[in-house]
file query.pdb (PDB, C-alpha atoms, pLDDT in the B column)
MODEL        1
ATOM      1  CA  MET A 641       5.459 -23.922  28.458  1.00 77.00           C
ATOM      2  CA  LYS A 642       8.561 -25.953  27.591  1.00 82.00           C
ATOM      3  CA  ALA A 643       7.371 -28.805  29.818  1.00 85.00           C
ATOM      4  CA  LEU A 644       3.967 -28.837  28.118  1.00 87.00           C
ATOM      5  CA  LEU A 645       5.572 -29.033  24.689  1.00 87.00           C
ATOM      6  CA  LEU A 646       7.868 -31.839  25.818  1.00 86.00           C
ATOM      7  CA  LYS A 647       4.862 -33.725  27.192  1.00 86.00           C
ATOM      8  CA  ASP A 648       3.096 -33.420  23.833  1.00 86.00           C
ATOM      9  CA  PHE A 649       6.180 -34.539  21.908  1.00 85.00           C
ATOM     10  CA  TYR A 650       6.566 -37.591  24.179  1.00 83.00           C
ATOM     11  CA  VAL A 651       2.891 -38.475  23.707  1.00 82.00           C
ATOM     12  CA  LEU A 652       3.161 -38.110  19.931  1.00 81.00           C
ATOM     13  CA  TRP A 653       6.313 -40.195  19.780  1.00 80.00           C
ATOM     14  CA  LYS A 654       4.852 -42.961  21.931  1.00 77.00           C
ATOM     15  CA  GLN A 655       1.366 -43.080  20.425  1.00 71.00           C
ATOM     16  CA  MET A 656       1.865 -41.940  16.835  1.00 70.00           C
ATOM     17  CA  LYS A 657       5.207 -43.224  15.593  1.00 72.00           C
ATOM     18  CA  ALA A 658       3.541 -44.580  12.464  1.00 73.00           C
ATOM     19  CA  PHE A 659       2.016 -41.193  11.637  1.00 71.00           C
ATOM     20  CA  LEU A 660       5.328 -39.409  12.205  1.00 72.00           C
ATOM     21  CA  VAL A 661       6.998 -41.889   9.868  1.00 77.00           C
ATOM     22  CA  LEU A 662       4.186 -41.253   7.362  1.00 75.00           C
ATOM     23  CA  ILE A 663       4.898 -37.511   7.482  1.00 74.00           C
ATOM     24  CA  LEU A 664       8.587 -38.225   6.886  1.00 75.00           C
ATOM     25  CA  LEU A 665       7.689 -40.524   3.974  1.00 76.00           C
ATOM     26  CA  PHE A 666       5.451 -37.940   2.310  1.00 73.00           C
ATOM     27  CA  SER A 667       8.150 -35.300   2.807  1.00 70.00           C
ATOM     28  CA  ALA A 668      10.623 -37.541   0.989  1.00 69.00           C
ATOM     29  CA  LEU A 669       8.383 -38.514  -1.938  1.00 69.00           C
ATOM     30  CA  PRO A 670       8.917 -36.524  -5.140  1.00 64.00           C
ATOM     31  CA  GLY A 671       6.106 -34.200  -6.125  1.00 63.00           C
ATOM     32  CA  SER A 672       4.643 -31.010  -4.726  1.00 64.00           C
ATOM     33  CA  TYR A 673       1.373 -32.605  -3.575  1.00 67.00           C
ATOM     34  CA  ASN A 674       3.147 -35.107  -1.323  1.00 70.00           C
ATOM     35  CA  ALA A 675       5.294 -32.446   0.297  1.00 71.00           C
ATOM     36  CA  ILE A 676       2.331 -30.116   0.819  1.00 74.00           C
ATOM     37  CA  PHE A 677       0.314 -32.942   2.350  1.00 76.00           C
ATOM     38  CA  ALA A 678       3.186 -33.672   4.756  1.00 79.00           C
ATOM     39  CA  VAL A 679       3.249 -30.047   5.905  1.00 79.00           C
ATOM     40  CA  THR A 680      -0.513 -29.755   6.357  1.00 77.00           C
ATOM     41  CA  TYR A 681      -0.779 -33.142   8.053  1.00 78.00           C
ATOM     42  CA  ALA A 682       2.025 -32.275  10.487  1.00 81.00           C
ATOM     43  CA  ALA A 683       0.157 -29.143  11.523  1.00 80.00           C
ATOM     44  CA  MET A 684      -2.797 -31.348  12.540  1.00 81.00           C
ATOM     45  CA  LEU A 685      -0.815 -33.049  15.308  1.00 84.00           C
ATOM     46  CA  PRO A 686      -2.183 -30.737  18.069  1.00 86.00           C
ATOM     47  CA  TYR A 687      -5.641 -32.232  17.508  1.00 83.00           C
ATOM     48  CA  SER A 688      -4.273 -35.689  18.299  1.00 82.00           C
ATOM     49  CA  CYS A 689      -2.712 -34.348  21.506  1.00 85.00           C
ATOM     50  CA  VAL A 690      -6.016 -32.760  22.530  1.00 85.00           C
ATOM     51  CA  ALA A 691      -7.790 -36.078  21.901  1.00 83.00           C
ATOM     52  CA  TYR A 692      -5.282 -38.028  24.024  1.00 84.00           C
ATOM     53  CA  ASP A 693      -5.509 -35.441  26.798  1.00 85.00           C
ATOM     54  CA  GLU A 694      -9.298 -35.682  26.860  1.00 82.00           C
ATOM     55  CA  ARG A 695      -9.193 -39.471  27.130  1.00 83.00           C
ATOM     56  CA  SER A 696      -6.627 -39.412  29.925  1.00 82.00           C
ATOM     57  CA  LYS A 697      -8.362 -36.557  31.836  1.00 82.00           C
ATOM     58  CA  TRP A 698      -5.219 -34.440  31.534  1.00 82.00           C
ATOM     59  CA  ASP A 699      -7.150 -31.191  32.063  1.00 77.00           C
ATOM     60  CA  GLN A 700      -8.085 -32.290  35.575  1.00 79.00           C
ATOM     61  CA  LEU A 701      -4.463 -33.040  36.379  1.00 82.00           C
ATOM     62  CA  ALA A 702      -3.259 -29.803  34.770  1.00 79.00           C
ATOM     63  CA  ALA A 703      -5.668 -27.838  36.984  1.00 75.00           C
ATOM     64  CA  MET A 704      -3.631 -28.971  40.008  1.00 82.00           C
ATOM     65  CA  MET A 705      -0.349 -27.916  38.427  1.00 83.00           C
ATOM     66  CA  PRO A 706       1.154 -24.430  38.081  1.00 83.00           C
ATOM     67  CA  TYR A 707       0.036 -24.039  34.470  1.00 83.00           C
ATOM     68  CA  SER A 708      -2.122 -21.113  33.444  1.00 86.00           C
ATOM     69  CA  ASN A 709      -4.891 -21.471  30.889  1.00 87.00           C
ATOM     70  CA  ARG A 710      -2.822 -19.224  28.636  1.00 90.00           C
ATOM     71  CA  ASP A 711       0.104 -21.674  28.744  1.00 90.00           C
ATOM     72  CA  LEU A 712      -2.137 -24.641  28.004  1.00 89.00           C
ATOM     73  CA  VAL A 713      -3.756 -22.923  25.024  1.00 92.00           C
ATOM     74  CA  LEU A 714      -0.580 -21.417  23.576  1.00 93.00           C
ATOM     75  CA  SER A 715       1.242 -24.752  23.790  1.00 92.00           C
ATOM     76  CA  ARG A 716      -1.236 -26.199  21.253  1.00 92.00           C
ATOM     77  CA  TYR A 717      -0.643 -23.386  18.804  1.00 94.00           C
ATOM     78  CA  ILE A 718       3.124 -23.554  19.215  1.00 94.00           C
ATOM     79  CA  LEU A 719       3.083 -27.326  18.722  1.00 92.00           C
ATOM     80  CA  GLY A 720       1.205 -26.862  15.442  1.00 91.00           C
ATOM     81  CA  TRP A 721       3.582 -24.133  14.308  1.00 92.00           C
ATOM     82  CA  ILE A 722       6.665 -26.192  15.151  1.00 91.00           C
ATOM     83  CA  ALA A 723       5.295 -29.346  13.500  1.00 88.00           C
ATOM     84  CA  GLY A 724       4.230 -27.488  10.354  1.00 87.00           C
ATOM     85  CA  ALA A 725       7.472 -25.511  10.093  1.00 90.00           C
ATOM     86  CA  GLY A 726       9.552 -28.642  10.744  1.00 87.00           C
ATOM     87  CA  ALA A 727       7.761 -30.607   8.038  1.00 84.00           C
ATOM     88  CA  CYS A 728       8.081 -27.627   5.675  1.00 84.00           C
ATOM     89  CA  LEU A 729      11.836 -27.349   6.274  1.00 86.00           C
ATOM     90  CA  LEU A 730      12.311 -31.104   5.966  1.00 83.00           C
ATOM     91  CA  SER A 731      10.333 -31.170   2.723  1.00 81.00           C
ATOM     92  CA  LEU A 732      12.323 -28.256   1.308  1.00 81.00           C
ATOM     93  CA  LEU A 733      15.619 -29.992   2.069  1.00 81.00           C
ATOM     94  CA  LEU A 734      14.524 -33.366   0.690  1.00 78.00           C
ATOM     95  CA  GLN A 735      12.877 -31.885  -2.386  1.00 72.00           C
ATOM     96  CA  GLU A 736      15.984 -29.801  -3.116  1.00 73.00           C
ATOM     97  CA  GLY A 737      17.920 -33.060  -2.969  1.00 72.00           C
ATOM     98  CA  PHE A 738      15.643 -34.453  -5.663  1.00 68.00           C
ATOM     99  CA  THR A 739      16.516 -31.544  -7.936  1.00 69.00           C
ATOM    100  CA  LEU A 740      20.174 -32.498  -7.709  1.00 69.00           C
ATOM    101  CA  ILE A 741      19.661 -36.245  -8.096  1.00 69.00           C
ATOM    102  CA  LEU A 742      16.585 -36.587 -10.291  1.00 63.00           C
ATOM    103  CA  HIS A 743      16.619 -33.169 -11.960  1.00 59.00           C
ATOM    104  CA  GLN A 744      13.021 -32.715 -10.913  1.00 59.00           C
ATOM    105  CA  ASP A 745      11.344 -29.349 -10.456  1.00 58.00           C
ATOM    106  CA  VAL A 746      10.697 -28.297  -6.866  1.00 58.00           C
ATOM    107  CA  TYR A 747       8.386 -25.459  -5.890  1.00 62.00           C
ATOM    108  CA  PRO A 748       9.569 -23.925  -2.594  1.00 70.00           C
ATOM    109  CA  ASP A 749       7.001 -21.120  -2.882  1.00 72.00           C
ATOM    110  CA  THR A 750       4.230 -23.693  -2.754  1.00 73.00           C
ATOM    111  CA  LEU A 751       5.609 -25.289   0.406  1.00 76.00           C
ATOM    112  CA  ILE A 752       5.971 -21.926   2.139  1.00 80.00           C
ATOM    113  CA  ALA A 753       2.430 -20.974   1.135  1.00 79.00           C
ATOM    114  CA  SER A 754       1.173 -24.315   2.474  1.00 79.00           C
ATOM    115  CA  PHE A 755       2.689 -23.492   5.872  1.00 85.00           C
ATOM    116  CA  PHE A 756       0.610 -20.307   6.055  1.00 86.00           C
ATOM    117  CA  VAL A 757      -2.450 -22.293   4.991  1.00 81.00           C
ATOM    118  CA  CYS A 758      -1.707 -24.499   8.001  1.00 82.00           C
ATOM    119  CA  LEU A 759      -1.577 -21.433  10.251  1.00 88.00           C
ATOM    120  CA  SER A 760      -4.991 -20.381   8.949  1.00 86.00           C
ATOM    121  CA  THR A 761      -6.417 -23.862   9.474  1.00 83.00           C
ATOM    122  CA  LEU A 762      -5.137 -23.941  13.061  1.00 87.00           C
ATOM    123  CA  ALA A 763      -6.509 -20.462  13.706  1.00 90.00           C
ATOM    124  CA  ILE A 764      -9.977 -21.451  12.497  1.00 85.00           C
ATOM    125  CA  THR A 765     -10.292 -24.895  14.048  1.00 84.00           C
ATOM    126  CA  LEU A 766      -8.443 -24.741  17.375  1.00 88.00           C
ATOM    127  CA  PRO A 767     -10.979 -22.384  19.019  1.00 89.00           C
ATOM    128  CA  LEU A 768     -13.744 -24.803  18.033  1.00 85.00           C
ATOM    129  CA  ILE A 769     -11.781 -27.734  19.461  1.00 86.00           C
ATOM    130  CA  PHE A 770     -11.254 -25.837  22.722  1.00 86.00           C
ATOM    131  CA  ARG A 771     -14.930 -24.932  22.850  1.00 85.00           C
ATOM    132  CA  PHE A 772     -16.511 -28.285  22.040  1.00 82.00           C
ATOM    133  CA  GLY A 773     -13.724 -30.828  22.544  1.00 79.00           C
ATOM    134  CA  VAL A 774     -12.581 -33.491  20.118  1.00 75.00           C
ATOM    135  CA  GLU A 775     -15.237 -36.070  20.961  1.00 70.00           C
ATOM    136  CA  ARG A 776     -18.120 -33.634  20.510  1.00 70.00           C
ATOM    137  CA  GLY A 777     -16.498 -31.950  17.564  1.00 65.00           C
ATOM    138  CA  ARG A 778     -16.297 -34.798  15.086  1.00 63.00           C
ATOM    139  CA  LEU A 779     -17.867 -32.577  12.434  1.00 70.00           C
ATOM    140  CA  ILE A 780     -14.983 -30.186  13.022  1.00 69.00           C
ATOM    141  CA  MET A 781     -12.524 -33.010  12.410  1.00 64.00           C
ATOM    142  CA  PHE A 782     -14.186 -33.722   9.055  1.00 69.00           C
ATOM    143  CA  LEU A 783     -13.838 -30.016   8.275  1.00 71.00           C
ATOM    144  CA  ILE A 784     -10.143 -30.208   9.155  1.00 68.00           C
ATOM    145  CA  ILE A 785      -9.596 -33.191   6.861  1.00 65.00           C
ATOM    146  CA  PHE A 786     -11.454 -31.397   4.058  1.00 71.00           C
ATOM    147  CA  LEU A 787      -9.374 -28.241   4.543  1.00 68.00           C
ATOM    148  CA  VAL A 788      -6.122 -30.208   4.609  1.00 64.00           C
ATOM    149  CA  CYS A 789      -6.831 -32.247   1.482  1.00 65.00           C
ATOM    150  CA  GLY A 790      -8.407 -29.322  -0.340  1.00 68.00           C
ATOM    151  CA  SER A 791      -5.579 -26.902   0.390  1.00 66.00           C
ATOM    152  CA  ALA A 792      -2.920 -29.453  -0.541  1.00 62.00           C
ATOM    153  CA  GLY A 793      -4.628 -30.266  -3.825  1.00 63.00           C
ATOM    154  CA  ALA A 794      -5.334 -26.632  -4.704  1.00 66.00           C
ATOM    155  CA  LEU A 795      -1.808 -25.414  -4.007  1.00 62.00           C
ATOM    156  CA  SER A 796      -0.139 -28.264  -5.860  1.00 61.00           C
ATOM    157  CA  GLY A 797      -2.514 -27.799  -8.812  1.00 64.00           C
ATOM    158  CA  ILE A 798      -1.778 -24.074  -9.017  1.00 60.00           C
ATOM    159  CA  ALA A 799       1.960 -24.660  -8.706  1.00 57.00           C
ATOM    160  CA  ASP A 800       2.016 -27.383 -11.352  1.00 57.00           C
ATOM    161  CA  SER A 801      -0.006 -25.308 -13.805  1.00 61.00           C
ATOM    162  CA  LEU A 802       2.156 -22.209 -13.343  1.00 55.00           C
ATOM    163  CA  SER A 803       5.536 -23.978 -13.113  1.00 55.00           C
ATOM    164  CA  GLY A 804       5.883 -23.255  -9.409  1.00 52.00           C
ATOM    165  CA  THR A 805       5.152 -19.524  -9.492  1.00 57.00           C
ATOM    166  CA  LEU A 806       2.135 -18.771  -7.352  1.00 57.00           C
ATOM    167  CA  PRO A 807      -0.011 -15.769  -8.374  1.00 59.00           C
ATOM    168  CA  ALA A 808       0.057 -12.687  -6.154  1.00 59.00           C
ATOM    169  CA  PRO A 809      -3.473 -13.204  -4.689  1.00 59.00           C
ATOM    170  CA  VAL A 810      -2.352 -16.523  -3.183  1.00 64.00           C
ATOM    171  CA  TRP A 811       0.168 -14.663  -1.039  1.00 71.00           C
ATOM    172  CA  LEU A 812      -2.687 -12.846   0.690  1.00 78.00           C
ATOM    173  CA  ILE A 813      -2.775 -16.001   2.816  1.00 79.00           C
ATOM    174  CA  VAL A 814       0.283 -14.675   4.683  1.00 85.00           C
ATOM    175  CA  PRO A 815      -1.298 -11.558   6.256  1.00 88.00           C
ATOM    176  CA  LEU A 816      -4.634 -13.380   6.495  1.00 88.00           C
ATOM    177  CA  SER A 817      -3.091 -16.219   8.522  1.00 89.00           C
ATOM    178  CA  LEU A 818      -1.403 -13.733  10.860  1.00 92.00           C
ATOM    179  CA  VAL A 819      -4.640 -11.802  11.420  1.00 94.00           C
ATOM    180  CA  LEU A 820      -6.609 -15.005  11.988  1.00 92.00           C
ATOM    181  CA  THR A 821      -4.015 -16.218  14.480  1.00 94.00           C
ATOM    182  CA  ALA A 822      -4.085 -12.915  16.373  1.00 95.00           C
ATOM    183  CA  LEU A 823      -7.882 -13.235  16.679  1.00 95.00           C
ATOM    184  CA  SER A 824      -7.869 -16.966  17.305  1.00 94.00           C
ATOM    185  CA  ILE A 825      -5.606 -17.125  20.360  1.00 95.00           C
ATOM    186  CA  PRO A 826      -7.679 -14.866  22.664  1.00 95.00           C
ATOM    187  CA  LEU A 827     -10.863 -16.578  21.466  1.00 94.00           C
ATOM    188  CA  SER A 828      -9.390 -20.004  22.255  1.00 93.00           C
ATOM    189  CA  LEU A 829      -8.295 -18.779  25.667  1.00 93.00           C
ATOM    190  CA  ARG A 830     -11.747 -17.435  26.438  1.00 92.00           C
ATOM    191  CA  TRP A 831     -13.559 -20.585  25.328  1.00 89.00           C
ATOM    192  CA  TYR A 832     -11.078 -22.876  27.083  1.00 88.00           C
ATOM    193  CA  THR A 833     -11.490 -20.915  30.322  1.00 86.00           C
ATOM    194  CA  LEU A 834     -15.291 -21.112  30.078  1.00 84.00           C
ATOM    195  CA  ARG A 835     -15.142 -24.836  29.382  1.00 76.00           C
ATOM    196  CA  ARG A 836     -12.981 -25.543  32.456  1.00 70.00           C
ATOM    197  CA  ARG A 837     -15.336 -23.782  34.856  1.00 68.00           C
TER     198      ARG A 837
ENDMDL
END
call {"tool": "encode", "arguments": {"input": "query.pdb", "output": "structure tokens"}}
result
Amino acid sequence: MKALLLKDFYVLWKQMKAFLVLILLFSALPGSYNAIFAVTYAAMLPYSCVAYDERSKWDQLAAMMPYSNRDLVLSRYILGWIAGAGACLLSLLLQEGFTLILHQDVYPDTLIASFFVCLSTLAITLPLIFRFGVERGRLIMFLIIFLVCGSAGALSGIADSLSGTLPAPVWLIVPLSLVLTALSIPLSLRWYTLRRR
């Protein structure tokens, strides 16, 4: 599992330095929308890894290595969780710095909620990516972009209108994201196994 994650991080660093810098830039920009966008965009990085793997025929090579289907599937989820959590933590630290320097309001609740929105987005879309692949699932990619932009805009709008205090119903995203993830992983594993046969 660790080797698979390292492989993905090396691929991302080599192929997507500009996008990683963009995530860092959005994390550093003042404003809740920018920070939320950085978190949600970071959680999309597994889709880029899947696309690169499909182009390079990585699945065929992985079939000859001692990796189980479970490891290959879980590594995508873990990569998304790490990327989203890392961007969330980075945004929290940078935005807290803005409160000290610029005396600007920062809404940590909104960033934390956006991380669980990312978990839900991964849980919904990753099984479809494993089932149809990135090339055949371009409609799915449009759905992902819509979900990312929509969730970022909605959360920042709610936070700005309520001075950073999110209403209780919004926090239902936490148990919902956990339930969706628990259902999503076995479904992804099943569809990935069927696709490799």
call {"tool": "resolve_selection", "arguments": {"input": "query.pdb", "expression": "the PyMOL selection byres ((chain A and resi 661-667) around 8)", "output": "list in words"}}
result
Lys657, Ala658, Phe659, Leu660, Ala668, Leu669, Asn674, Ala675, Phe677, Ala678, Val679, Tyr681, Ala682, Ala727, Leu730, Ser731, Leu734 and Gln735 of chain A
call {"tool": "resolve_selection", "arguments": {"input": "query.pdb", "expression": "the PyMOL selection byres ((chain A and resi 751) around 8)", "output": "VMD selection string"}}
result
chain A and resid 672 675 to 676 679 728 731 to 732 747 to 750 752 to 755
call {"tool": "resolve_selection", "arguments": {"input": "query.pdb", "expression": "the PyMOL selection byres ((chain A and resi 641) around 9)", "output": "number ranges by chain"}}
result
A: 642-646, 707, 711-712, 714-715
call {"tool": "write_last_selection", "arguments": {"input": "query.pdb", "atoms": "C-alpha atoms", "output": "CSV table (one decimal), keeping the file's coordinate frame"}}
result
chain,number,residue,atom,x,y,z
A,642,LYS,CA,8.6,-26.0,27.6
A,643,ALA,CA,7.4,-28.8,29.8
A,644,LEU,CA,4.0,-28.8,28.1
A,645,LEU,CA,5.6,-29.0,24.7
A,646,LEU,CA,7.9,-31.8,25.8
A,707,TYR,CA,0.0,-24.0,34.5
A,711,ASP,CA,0.1,-21.7,28.7
A,712,LEU,CA,-2.1,-24.6,28.0
A,714,LEU,CA,-0.6,-21.4,23.6
A,715,SER,CA,1.2,-24.8,23.8
call {"tool": "atom_distance", "arguments": {"input": "query.pdb", "atom1": "atom CA of A:Tyr832", "atom2": "atom CA of A:Met705"}}
result
16.4 Å
call {"tool": "atom_distance", "arguments": {"input": "query.pdb", "atom1": "atom CA of A:Glu775", "atom2": "atom CA of A:Arg716"}}
result
17.1 Å
call {"tool": "atom_distance", "arguments": {"input": "query.pdb", "atom1": "atom CA of A:Leu768", "atom2": "atom CA of A:Leu729"}}
result
28.3 Å
call {"tool": "closest_residue", "arguments": {"input": "query.pdb", "among": "A:Leu652, A:Leu783, A:Ile769, A:Leu759", "to": "A:Ala725", "atoms": "all atoms listed in the file"}}
result
A:Leu759
call {"tool": "residues_near_point", "arguments": {"input": "query.pdb", "point": "(-4.1, -16.9, 5.9)", "cutoff": "9 Å", "atoms": "all atoms listed in the file", "output": "list in words"}}
result
Phe756, Val757, Cys758, Leu759, Ser760, Thr761, Ala763, Trp811, Leu812, Ile813, Val814, Pro815, Leu816, Ser817, Leu818, Val819, Leu820 and Thr821 of chain A
call {"tool": "residues_around", "arguments": {"input": "query.pdb", "residues": "A:Leu762", "least_positions_apart": "5", "cutoff": "8 Å", "atoms": "all atoms listed in the file", "output": "mmCIF file with C-alpha atoms, in the coordinates of the input"}}
result
data_model
loop_
_atom_site.group_PDB
_atom_site.id
_atom_site.type_symbol
_atom_site.label_atom_id
_atom_site.label_comp_id
_atom_site.auth_asym_id
_atom_site.auth_seq_id
_atom_site.Cartn_x
_atom_site.Cartn_y
_atom_site.Cartn_z
ATOM 1 C CA ALA A 683 0.157 -29.143 11.523
ATOM 2 C CA MET A 684 -2.797 -31.348 12.540
ATOM 3 C CA TYR A 717 -0.643 -23.386 18.804
ATOM 4 C CA GLY A 720 1.205 -26.862 15.442
ATOM 5 C CA THR A 821 -4.015 -16.218 14.480
#
call {"tool": "residues_around", "arguments": {"input": "query.pdb", "residues": "A:Val690", "least_positions_apart": "6", "cutoff": "10 Å", "atoms": "only C-alpha atoms", "output": "list in words"}}
result
Asp648, Ser696, Trp698, Asp699, Arg716, Leu766, Ile769, Phe770, Gly773, Val774 and Glu775 of chain A
call {"tool": "closest_residue", "arguments": {"input": "query.pdb", "among": "A:Thr833, A:Ser688, A:Thr765, A:Asn709", "to": "A:Trp653", "atoms": "only C-alpha atoms"}}
result
A:Ser688
